[in-house]
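Shown here: upload.tsv, TSV, C-alpha atoms and all ligand atoms.
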chain	number	residue	atom	x	y	z
A	1	MET	CA	57.34	2.29	50.45
A	2	LYS	CA	57.28	-1.50	50.27
A	3	GLU	CA	56.28	-1.57	53.89
A	4	LYS	CA	53.38	0.82	53.22
A	5	VAL	CA	52.19	-1.43	50.41
A	6	GLU	CA	52.48	-4.46	52.61
A	7	ASN	CA	50.41	-2.74	55.31
A	8	ILE	CA	47.70	-1.81	52.82
A	9	LYS	CA	47.47	-5.38	51.57
A	10	ASN	CA	47.25	-6.79	55.10
A	11	GLU	CA	44.60	-4.28	56.09
A	12	LEU	CA	42.64	-5.13	52.96
A	13	ILE	CA	42.70	-8.84	53.73
A	14	LYS	CA	41.26	-8.15	57.17
A	15	ASP	CA	38.64	-5.83	55.71
A	16	LEU	CA	37.65	-8.43	53.14
A	17	GLU	CA	36.99	-10.97	55.86
A	18	ASN	CA	34.64	-8.62	57.66
A	19	ALA	CA	32.73	-7.46	54.61
A	20	ASN	CA	29.41	-9.17	53.90
A	21	ALA	CA	27.19	-6.65	52.14
A	22	LEU	CA	27.30	-4.62	48.99
A	23	LEU	CA	27.44	-1.47	51.07
A	24	ASP	CA	30.69	-2.72	52.64
A	25	VAL	CA	32.18	-3.12	49.18
A	26	GLN	CA	31.20	0.43	48.39
A	27	ASN	CA	32.82	1.72	51.55
A	28	LEU	CA	36.02	-0.25	50.89
A	29	LYS	CA	36.26	1.21	47.40
A	30	VAL	CA	36.23	4.66	48.95
A	31	LYS	CA	38.66	3.70	51.68
A	32	TYR	CA	41.28	2.33	49.27
A	33	LEU	CA	40.66	3.81	45.86
A	34	GLY	CA	38.82	7.04	46.62
A	35	LYS	CA	40.37	10.51	46.23
A	36	LYS	CA	41.85	10.30	49.68
A	37	GLY	CA	42.06	6.52	49.69
A	38	LEU	CA	45.04	4.56	51.01
A	39	VAL	CA	46.20	3.48	47.55
A	40	THR	CA	45.75	6.93	46.08
A	41	GLU	CA	47.84	8.38	48.89
A	42	LEU	CA	50.83	6.25	47.89
A	43	THR	CA	51.48	8.67	45.06
A	44	SER	CA	50.69	11.87	46.98
A	45	ASN	CA	54.34	12.99	47.31
A	46	MET	CA	55.54	12.05	43.81
A	47	ARG	CA	56.54	15.60	43.09
A	48	ASP	CA	59.36	15.49	45.66
A	49	LEU	CA	60.91	12.23	44.41
A	50	SER	CA	63.79	11.52	42.07
A	51	ILE	CA	63.15	10.00	38.67
A	52	ASP	CA	64.17	6.51	39.80
A	53	GLU	CA	62.09	6.77	42.94
A	54	LYS	CA	59.12	7.97	40.89
A	55	LYS	CA	59.42	4.89	38.68
A	56	GLU	CA	59.45	2.54	41.65
A	57	VAL	CA	56.59	4.26	43.47
A	58	GLY	CA	54.55	4.43	40.27
A	59	MET	CA	55.05	0.74	39.61
A	60	LEU	CA	54.28	-0.31	43.15
A	61	SER	CA	51.18	1.89	43.47
A	62	ASN	CA	49.82	0.63	40.14
A	63	GLU	CA	50.36	-2.94	41.18
A	64	THR	CA	48.65	-2.28	44.51
A	65	LYS	CA	45.77	-0.54	42.80
A	66	ASN	CA	45.27	-3.54	40.48
A	67	PHE	CA	45.46	-5.93	43.40
A	68	VAL	CA	42.88	-3.99	45.46
A	69	THR	CA	40.55	-3.53	42.47
A	70	HIS	CA	40.69	-7.23	41.66
A	71	GLU	CA	40.06	-8.31	45.27
A	72	LEU	CA	37.15	-5.92	45.67
A	73	SER	CA	35.44	-7.04	42.48
A	74	LYS	CA	35.85	-10.66	43.56
A	75	LEU	CA	34.21	-9.78	46.85
A	76	GLU	CA	31.41	-7.92	45.10
A	77	GLU	CA	30.66	-10.91	42.91
A	78	LYS	CA	30.66	-13.25	45.89
A	79	ILE	CA	28.20	-11.05	47.79
A	80	ASN	CA	25.96	-10.70	44.74
A	81	ASN	CA	25.77	-14.45	44.37
A	82	LEU	CA	25.04	-14.94	48.04
A	83	GLU	CA	22.20	-12.44	47.95
A	84	LEU	CA	20.71	-14.04	44.88
A	85	GLU	CA	20.78	-17.45	46.56
A	86	LYS	CA	19.14	-15.99	49.64
A	87	LYS	CA	16.44	-14.40	47.51
A	88	LEU	CA	15.78	-17.59	45.58
A	89	ALA	CA	15.55	-19.58	48.79
A	90	SER	CA	13.10	-17.13	50.39
A	91	GLU	CA	10.90	-16.84	47.31
A	92	LYS	CA	10.58	-20.51	46.69
A	93	ILE	CA	6.96	-21.44	45.96
A	94	ASP	CA	5.53	-24.57	47.43
A	95	ILE	CA	3.15	-25.68	44.72
A	96	SER	CA	1.67	-28.32	46.96
A	97	LEU	CA	0.11	-25.66	49.22
A	98	PRO	CA	-3.64	-25.12	48.81
A	99	SER	CA	-4.39	-21.95	46.85
A	100	THR	CA	-5.99	-18.83	48.25
A	101	LYS	CA	-9.51	-18.43	46.89
A	102	VAL	CA	-9.67	-15.50	44.49
A	103	GLU	CA	-13.00	-13.72	44.31
A	104	VAL	CA	-14.17	-13.54	40.72
A	105	GLY	CA	-16.44	-10.69	39.67
A	106	VAL	CA	-19.64	-11.27	37.75
A	107	GLU	CA	-21.67	-8.98	35.57
A	108	ASN	CA	-24.17	-6.73	37.26
A	109	ILE	CA	-27.51	-8.44	36.81
A	110	LEU	CA	-28.90	-5.38	35.02
A	111	GLU	CA	-25.97	-5.24	32.59
A	112	LYS	CA	-26.46	-8.91	31.96
A	113	LEU	CA	-30.08	-8.40	30.99
A	114	ILE	CA	-29.22	-5.46	28.72
A	115	GLU	CA	-26.57	-7.51	26.97
A	116	GLU	CA	-29.02	-10.36	26.53
A	117	VAL	CA	-31.46	-8.01	24.79
A	118	GLU	CA	-28.63	-6.47	22.76
A	119	SER	CA	-27.37	-9.77	21.44
A	120	LEU	CA	-30.90	-10.85	20.57
A	121	ALA	CA	-31.44	-7.56	18.71
A	122	LEU	CA	-28.12	-7.88	16.89
A	123	SER	CA	-29.12	-11.36	15.77
A	124	MET	CA	-32.30	-9.81	14.33
A	125	GLY	CA	-30.33	-7.27	12.32
A	126	TYR	CA	-30.55	-4.29	14.66
A	127	ASP	CA	-27.66	-1.96	15.42
A	128	VAL	CA	-27.00	-0.91	19.00
A	129	VAL	CA	-26.78	2.90	19.22
A	130	GLU	CA	-26.01	5.10	22.20
A	131	GLY	CA	-26.43	8.82	22.77
A	132	PRO	CA	-25.66	11.55	25.31
A	133	GLU	CA	-27.35	11.58	28.72
A	134	VAL	CA	-27.23	15.38	28.82
A	135	GLU	CA	-29.65	16.21	26.05
A	136	LYS	CA	-31.38	19.11	24.32
A	137	ASP	CA	-35.04	19.72	25.04
A	138	LEU	CA	-35.37	19.77	21.26
A	139	TYR	CA	-34.37	16.09	20.94
A	140	ASN	CA	-35.85	14.85	24.20
A	141	PHE	CA	-39.28	16.44	23.63
A	142	GLU	CA	-39.94	18.82	20.76
A	143	LEU	CA	-39.01	16.67	17.78
A	144	LEU	CA	-40.76	13.74	19.48
A	145	ASN	CA	-44.06	15.53	19.00
A	146	LEU	CA	-43.99	17.02	22.51
A	147	PRO	CA	-43.89	20.79	21.95
A	148	LYS	CA	-43.43	23.13	24.91
A	149	GLY	CA	-46.57	23.20	27.03
A	150	HIS	CA	-47.74	19.76	25.88
A	151	PRO	CA	-49.57	18.17	28.84
A	152	ALA	CA	-47.82	14.82	28.34
A	153	ARG	CA	-44.56	16.49	29.38
A	154	ASP	CA	-45.89	16.50	32.93
A	155	ALA	CA	-45.74	12.71	32.99
A	156	GLN	CA	-41.98	12.93	32.75
A	157	ASP	CA	-40.81	15.16	35.56
A	158	THR	CA	-37.52	16.26	34.14
A	159	PHE	CA	-34.17	17.47	35.51
A	160	TYR	CA	-33.38	20.68	33.63
A	161	LEU	CA	-29.73	21.74	33.70
A	162	ASP	CA	-30.01	25.30	32.43
A	163	SER	CA	-33.10	27.36	31.70
A	164	ASP	CA	-35.30	25.16	29.56
A	165	THR	CA	-33.05	23.99	26.74
A	166	THR	CA	-30.70	21.42	28.35
A	167	LEU	CA	-31.77	18.50	30.48
A	168	LEU	CA	-30.91	15.03	31.71
A	169	ARG	CA	-32.74	12.91	29.17
A	170	SER	CA	-35.99	11.52	30.54
A	171	GLN	CA	-36.09	8.73	27.93
A	172	THR	CA	-33.73	7.20	25.39
A	173	SER	CA	-35.97	8.32	22.51
A	174	PRO	CA	-33.68	11.29	21.63
A	175	VAL	CA	-31.24	8.67	20.35
A	176	GLN	CA	-33.91	7.71	17.79
A	177	ILE	CA	-34.24	11.36	16.78
A	178	ARG	CA	-30.47	11.75	16.45
A	179	THR	CA	-30.21	8.58	14.37
A	180	MET	CA	-32.95	9.71	11.97
A	181	LEU	CA	-31.49	13.21	11.64
A	182	GLU	CA	-27.95	11.95	11.13
A	183	ASN	CA	-29.03	9.57	8.38
A	184	LYS	CA	-28.72	12.07	5.54
A	185	GLU	CA	-29.39	9.49	2.80
A	186	LYS	CA	-32.69	8.62	4.53
A	187	THR	CA	-32.19	4.89	4.31
A	188	PRO	CA	-34.09	2.33	6.44
A	189	ILE	CA	-33.25	2.27	10.15
A	190	ARG	CA	-33.21	-0.65	12.57
A	191	ILE	CA	-31.72	0.20	15.97
A	192	ILE	CA	-32.02	-0.42	19.66
A	193	CYS	CA	-30.79	2.18	22.13
A	194	PRO	CA	-30.13	1.09	25.70
A	195	GLY	CA	-29.08	3.70	28.25
A	196	LYS	CA	-29.56	5.59	31.46
A	197	THR	CA	-32.47	8.01	31.83
A	198	TYR	CA	-33.44	10.42	34.59
A	199	ARG	CA	-36.68	11.66	36.08
A	200	ARG	CA	-37.47	13.51	39.27
A	201	ASP	CA	-38.88	10.77	41.42
A	202	ASP	CA	-38.95	9.82	45.06
A	203	ASP	CA	-36.86	6.68	45.30
A	204	ASP	CA	-38.64	3.63	46.68
A	205	ALA	CA	-38.79	-0.09	45.95
A	206	THR	CA	-40.10	0.41	42.42
A	207	HIS	CA	-39.01	3.97	41.58
A	208	SER	CA	-35.60	5.49	41.06
A	209	HIS	CA	-34.55	8.94	39.82
A	210	GLN	CA	-32.17	7.09	37.51
A	211	PHE	CA	-33.24	4.08	35.52
A	212	THR	CA	-32.44	2.33	32.28
A	213	GLN	CA	-34.45	2.12	29.11
A	214	ILE	CA	-34.04	-0.12	26.12
A	215	GLU	CA	-35.77	1.31	23.09
A	216	GLY	CA	-36.06	0.00	19.60
A	217	LEU	CA	-36.88	1.76	16.33
A	218	ILE	CA	-37.56	0.55	12.83
A	219	VAL	CA	-38.10	2.94	9.94
A	220	ASP	CA	-38.83	1.35	6.59
A	221	LYS	CA	-41.56	0.92	3.97
A	222	ASP	CA	-44.88	-0.78	4.81
A	223	ILE	CA	-44.23	-1.35	8.50
A	224	SER	CA	-47.34	-2.29	10.48
A	225	LEU	CA	-48.44	-3.36	13.95
A	226	ALA	CA	-48.09	-6.95	12.73
A	227	ASN	CA	-44.32	-6.46	12.43
A	228	LEU	CA	-44.27	-4.99	15.93
A	229	LYS	CA	-46.27	-7.90	17.32
A	230	ALA	CA	-43.94	-10.47	15.76
A	231	THR	CA	-40.88	-8.65	17.10
A	232	PHE	CA	-42.31	-8.32	20.60
A	233	ASP	CA	-43.26	-11.99	20.54
A	234	ILE	CA	-39.66	-13.02	19.86
A	235	ILE	CA	-38.29	-10.75	22.61
A	236	ALA	CA	-40.88	-11.94	25.17
A	237	LYS	CA	-40.23	-15.62	24.48
A	238	LYS	CA	-36.47	-15.15	24.56
A	239	LEU	CA	-36.52	-13.30	27.90
A	240	PHE	CA	-39.38	-15.02	29.69
A	241	GLY	CA	-39.71	-18.46	28.13
A	242	GLU	CA	-41.11	-20.13	25.03
A	243	ASP	CA	-44.59	-20.46	26.55
A	244	ARG	CA	-45.14	-16.72	26.84
A	245	GLU	CA	-48.06	-15.25	25.00
A	246	THR	CA	-48.16	-11.57	24.11
A	247	ARG	CA	-50.91	-9.05	23.68
A	248	PHE	CA	-51.36	-5.35	22.90
A	249	ARG	CA	-53.55	-3.01	24.90
A	250	PRO	CA	-54.46	0.42	23.54
A	251	SER	CA	-52.49	3.25	25.06
A	252	PHE	CA	-51.32	6.79	24.39
A	253	TYR	CA	-47.85	8.16	23.69
A	254	PRO	CA	-47.30	11.46	21.89
A	255	PHE	CA	-44.61	9.99	19.62
A	256	THR	CA	-46.56	6.94	18.38
A	257	GLU	CA	-49.98	6.58	16.78
A	258	PRO	CA	-51.56	4.15	17.44
A	259	SER	CA	-49.87	3.36	20.74
A	260	VAL	CA	-50.00	0.12	22.69
A	261	GLU	CA	-48.99	-1.37	26.02
A	262	LEU	CA	-46.93	-4.53	25.71
A	263	ASP	CA	-48.19	-7.38	27.90
A	264	ILE	CA	-46.88	-10.89	28.38
A	265	SER	CA	-48.77	-13.81	29.91
A	266	CYS	CA	-47.66	-14.28	33.51
A	267	PHE	CA	-44.61	-16.54	33.72
A	268	ASN	CA	-45.39	-17.29	37.34
A	269	CYS	CA	-48.97	-18.61	37.14
A	270	GLY	CA	-49.22	-19.17	33.40
A	271	GLY	CA	-52.27	-16.90	33.19
A	272	LYS	CA	-54.37	-18.23	36.08
A	273	GLY	CA	-53.71	-15.18	38.22
A	274	CYS	CA	-51.23	-14.65	41.07
A	275	ASN	CA	-49.76	-11.80	43.09
A	276	ILE	CA	-47.07	-11.03	40.46
A	277	CYS	CA	-49.69	-10.41	37.75
A	278	LYS	CA	-52.10	-8.99	40.33
A	279	GLY	CA	-54.64	-11.66	39.46
A	280	THR	CA	-54.97	-10.68	35.81
A	281	GLY	CA	-52.72	-13.31	34.25
A	282	TRP	CA	-50.89	-10.59	32.31
A	283	ILE	CA	-47.85	-8.45	33.06
A	284	THR	CA	-47.12	-5.15	31.31
A	285	VAL	CA	-43.45	-4.99	30.31
A	286	GLY	CA	-43.26	-1.98	27.99
A	287	GLY	CA	-44.86	0.40	25.55
A	288	ALA	CA	-44.79	0.70	21.78
A	289	GLY	CA	-46.57	1.94	18.67
A	290	ILE	CA	-46.37	3.07	15.09
A	291	VAL	CA	-44.04	6.08	14.83
A	292	HIS	CA	-46.13	9.28	14.70
A	293	HIS	CA	-46.06	10.94	11.27
A	294	ASN	CA	-44.98	14.22	12.88
A	295	VAL	CA	-41.87	12.54	14.30
A	296	LEU	CA	-40.92	11.10	10.91
A	297	ASP	CA	-41.48	14.44	9.18
A	298	ASN	CA	-39.56	16.31	11.91
A	299	CYS	CA	-36.55	14.11	11.19
A	300	GLY	CA	-36.65	14.37	7.43
A	301	TYR	CA	-38.41	11.08	6.68
A	302	ASP	CA	-41.42	11.83	4.47
A	303	SER	CA	-44.30	10.20	6.35
A	304	ASN	CA	-46.13	9.61	3.06
A	305	LYS	CA	-43.38	7.19	2.07
A	306	TRP	CA	-41.95	5.89	5.33
A	307	THR	CA	-43.47	4.12	8.32
A	308	GLY	CA	-41.96	2.56	11.39
A	309	PHE	CA	-42.53	1.19	14.84
A	310	ALA	CA	-40.88	1.99	18.15
A	311	PHE	CA	-40.89	0.11	21.43
A	312	GLY	CA	-39.45	0.73	24.86
A	313	PHE	CA	-38.78	-1.32	27.95
A	314	GLY	CA	-37.63	-0.39	31.42
A	315	ALA	CA	-34.54	-2.56	31.79
A	316	GLU	CA	-34.86	-2.67	35.59
A	317	ARG	CA	-38.46	-3.80	35.32
A	318	LEU	CA	-37.50	-6.61	32.93
A	319	ALA	CA	-34.68	-7.71	35.23
A	320	MET	CA	-36.87	-7.50	38.34
A	321	LEU	CA	-39.49	-9.70	36.71
A	322	LYS	CA	-36.98	-12.12	35.25
A	323	TYR	CA	-34.91	-12.55	38.41
A	324	GLY	CA	-37.61	-12.06	41.02
A	325	ILE	CA	-36.09	-8.87	42.43
A	326	THR	CA	-38.45	-6.92	44.64
A	327	ASP	CA	-36.47	-3.69	45.14
A	328	ILE	CA	-35.12	-1.59	42.26
A	329	ARG	CA	-32.36	-0.26	44.52
A	330	THR	CA	-30.77	-3.72	44.46
A	331	PHE	CA	-29.20	-2.77	41.12
A	332	TYR	CA	-27.43	0.34	42.36
A	333	THR	CA	-26.24	-0.49	45.88
A	334	ASN	CA	-22.90	-2.25	45.91
A	335	ASP	CA	-24.04	-5.04	48.15
A	336	LEU	CA	-21.89	-8.07	47.33
A	337	ARG	CA	-24.51	-10.42	48.72
A	338	THR	CA	-26.61	-9.58	45.67
A	339	LYS	CA	-23.86	-10.87	43.42
A	340	GLU	CA	-23.59	-14.08	45.44
A	341	ASN	CA	-27.32	-14.63	45.18
A	342	PHE	CA	-27.33	-14.33	41.42
A	343	ASP	CA	-24.23	-16.49	41.11
A	344	ARG	CA	-26.20	-19.17	42.90
A	345	LYS	CA	-29.24	-18.62	40.75
A	346	ASP	CA	-27.14	-19.07	37.64
A	347	ALA	CA	-25.58	-22.24	38.95
A	348	GLU	CA	-28.89	-23.91	39.63
B	1	ZN	ZN	-49.53	-14.53	37.55
Could you quickly redo this structure as C-alpha cells?
Ligand SMILES: [Zn+2]
Amino acid sequence: MKEKVENIKNELIKDLENANALLDVQNLKVKYLGKKGLVTELTSNMRDLSIDEKKEVGMLSNETKNFVTHELSKLEEKINNLELEKKLASEKIDISLPSTKVEVGVENILEKLIEEVESLALSMGYDVVEGPEVEKDLYNFELLNLPKGHPARDAQDTFYLDSDTTLLRSQTSPVQIRTMLENKEKTPIRIICPGKTYRRDDDDATHSHQFTQIEGLIVDKDISLANLKATFDIIAKKLFGEDRETRFRPSFYPFTEPSVELDISCFNCGGKGCNICKGTGWITVGGAGIVHHNVLDNCGYDSNKWTGFAFGFGAERLAMLKYGITDIRTFYTNDLRTKENFDRKDAE
C-alpha cells in the first residue's frame, strides 16, 4: 500500500513538471481524482480488508487525496497567473504611437437645413409637428379644398396605394389638417411640418419622386398678408443672408386665397441678374397664402372668426440654393465625397 502511494506521488511530481496549461490540470484531476483515478483506486478493494487494514488504507488514501488536491490547485494557480501575465504583456498599449484616424460622420446637408429652419421656427414660437407619409385622400386633398375631380389635383401626380382613398402624401399639408382637426378646443395654432412627400415624377437633376417639404401654418385672429410677409422676411434673411429682400407674386393654390409665390432677391448677384436667378434678380423659394375659408371651416375653425396663413418650401430647393448644389440626387445617393465637400465648405 505504502509503495502504491509512493508511486502515485512520484508520478504526480513528474506530471506536474510537464503540465503548462489549464487543460493539463483538468486532465490530471481526472487521472488522479476521477472515478477511475489512481487515488480513487486505492480504496477499490476496501471490502475485502480487515478492520485494521481498512483504517490504514483509509488514512493513507485520504492523505494522498489531500496531497494531490493541494498540488493540483497550486499548479492551477501558477498557470492562471502565467496566462494573465502573458495577456497583460500582449495587450500593452503604447500610448506614444500615432492614433488611427477615425472617420467622423456629419449631418446630411438636407437634414442640416431642415434643422436650421426648425430651430428658427421654434425660436419664433412654432411647434414642429410630423404626420404619416401614407395618408388618406381625405386629408391630402379633400379637406384642403381639393375635392375629387378638381383640376388642380393633376398638378400633383400622386402615388395611390389602394383604390382612391389611400396614397403616399403629395404634400405635407395633411399634417396641417390633422393638427386643426385634433385641436378640439379650437385654440390658435402655430406649427411647422417638415417631412417627406411623394409625386410621380421622372427623376432628373431637379426632380425626384421623393422630396421634402417644410410647411408652416398659423391660425389665429386677425392674421393678414403683412404677418406672412414679416415671417417670410425673417426666414429668408436667416437662411440666405441679412441683405435679402423679399417679395410676393400673385399665384394660385386651392387651399389659400389669396395665394402668393415667395421670392427672395438673388444672393448671387444681389439683384443685377445672373444665371442662378435667370437674369431676373429674384429667386422663387416657396409658396404661401391666406388659409382658404373652406379649409378652416372643413377643420372646425369658423372662418368668420379665425384667419391664418400657410407657407411651404421645398427643402431640397432651399438646400440646393444655399449650398450651390446642382443635382437633387446628391441628397439621396450615399456618395461620401459629398460629405467631404460640405465638411470643407463648413470649415471655410
Ligand atoms: Zn442672380
Determine, counting all atoms listed in the file, which protein, DNA and RNA residues have an atom within 8 Å of an atom of segment 304-315 of chain A; residues of the same chain fewer than 6 positions away are not included. Present the result as a ChimeraX atom specification.
/A:110,113-114,211-225,228,256,285-291,293,296
Need the neighbours of (63.5, 7.1, 49.5): which residues are at most 8 Å away, counting only C-alpha atoms, as a list in words?
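Output: Met1, Leu49 and Glu53 of chain A.
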Between atom CA of Glu257 of chain A and atom CA of Lys186 of chain A, measure the distance and give it in Å to one decimal.
21.3 Å
Go through A:Asn298, A:Cys274, A:Met59, A:Asp335 and flag the residue nearest ligand ZN 1 (chain B), using all atoms listed in the file for the distances.
A:Cys274
Test item: residues no farther than 8 Å from ligand ZN 1 (chain B), counting only C-alpha atoms and all ligand atoms, as a ChimeraX atom specification:
/A:265-283
Can you pull out every residue within 12 Å of Glu142 of chain A, counting all atoms listed in the file, but drop anything in the same chain fewer than 6 positions away, and send it as JSON, numbers by chain?
{"A": [135, 136, 148, 149, 150, 152, 153, 164, 165, 173, 174, 177, 254, 255, 294, 295, 298, 299]}
Go through segment 131-178 of chain A residue by residue and, counting only C-alpha atoms, keep those with an atom at most 10 Å from segment 191-194 of chain A; for each kept residue give the shortest atom pair and its distance in Å to one decimal, ordered by chain and increasing number, as JSON lines.
{"residue": "A:Gly131", "atom": "CA", "partner": "A:Cys193", "partner_atom": "CA", "distance": 8.0}
{"residue": "A:Gln171", "atom": "CA", "partner": "A:Pro194", "partner_atom": "CA", "distance": 9.9}
{"residue": "A:Thr172", "atom": "CA", "partner": "A:Cys193", "partner_atom": "CA", "distance": 6.7}
{"residue": "A:Ser173", "atom": "CA", "partner": "A:Cys193", "partner_atom": "CA", "distance": 8.0}
{"residue": "A:Pro174", "atom": "CA", "partner": "A:Cys193", "partner_atom": "CA", "distance": 9.6}
{"residue": "A:Val175", "atom": "CA", "partner": "A:Cys193", "partner_atom": "CA", "distance": 6.7}
{"residue": "A:Gln176", "atom": "CA", "partner": "A:Cys193", "partner_atom": "CA", "distance": 7.7}
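Compared by their closest atoms to Lys78 of chain A, and using only C-alpha atoms, the residues A:Val25, A:Ile13, A:Leu167, A:Leu97 rank with A:Val25 nearest.
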Calculated over all atoms listed in the file, which of the candidates A:Asn66, A:Glu130, A:Asp233, A:Ser259 has the smallest distance to Lys196 of chain A?
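Comparing A:Asn66, A:Glu130, A:Asp233, A:Ser259 against Lys196 of chain A, the winner is A:Glu130.
Our summary of the geometry notes that atom CA of Phe232 of chain A is positioned 7.6 Å from atom CA of Thr246 of chain A.
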Choose the residue, out of A:Leu262, A:Leu84, A:Ile51, A:Leu75, that has the smallest atom-to-atom separation from Leu28 of chain A; count all atoms listed in the file.
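Closest residue, counting all atoms listed in the file: A:Leu75.
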What does the distance between atom CA of Asp263 of chain A and atom CA of Ala230 of chain A come to in Å, to one decimal place?
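It comes out at 13.2 Å.
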Residue contacts of Leu120 of chain A (10 Å, all atoms listed in the file) excluding same-chain residues fewer than 4 positions away, as a PDB file with C-alpha atoms, keeping the file's coordinate frame:
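Output below, filename around_12.pdb:
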ATOM      1  CA  ILE A 114     -29.220  -5.460  28.720  1.00  0.00           C
ATOM      2  CA  GLU A 115     -26.570  -7.510  26.970  1.00  0.00           C
ATOM      3  CA  GLU A 116     -29.020 -10.360  26.530  1.00  0.00           C
ATOM      4  CA  MET A 124     -32.300  -9.810  14.330  1.00  0.00           C
ATOM      5  CA  GLY A 125     -30.330  -7.270  12.320  1.00  0.00           C
ATOM      6  CA  TYR A 126     -30.550  -4.290  14.660  1.00  0.00           C
ATOM      7  CA  ILE A 234     -39.660 -13.020  19.860  1.00  0.00           C
ATOM      8  CA  ILE A 235     -38.290 -10.750  22.610  1.00  0.00           C
ATOM      9  CA  LYS A 238     -36.470 -15.150  24.560  1.00  0.00           C
ATOM     10  CA  LEU A 239     -36.520 -13.300  27.900  1.00  0.00           C
TER      11      LEU A 239
END
Kindly list the centre and edge lengths in Å, rounded to one decimal, for the axis-aligned box that covers all listed atoms of segment 112-127 of chain A plus 6 Å on each of its six sides, as JSON.
{"center_x": -29.4, "center_y": -6.7, "center_z": 22.1, "size_x": 17.8, "size_y": 21.4, "size_z": 31.6}
Among listed residues A:Ser208, A:Asn45, A:Thr69, A:Asn183, nearest Arg317 of chain A (using only C-alpha atoms):
A:Ser208
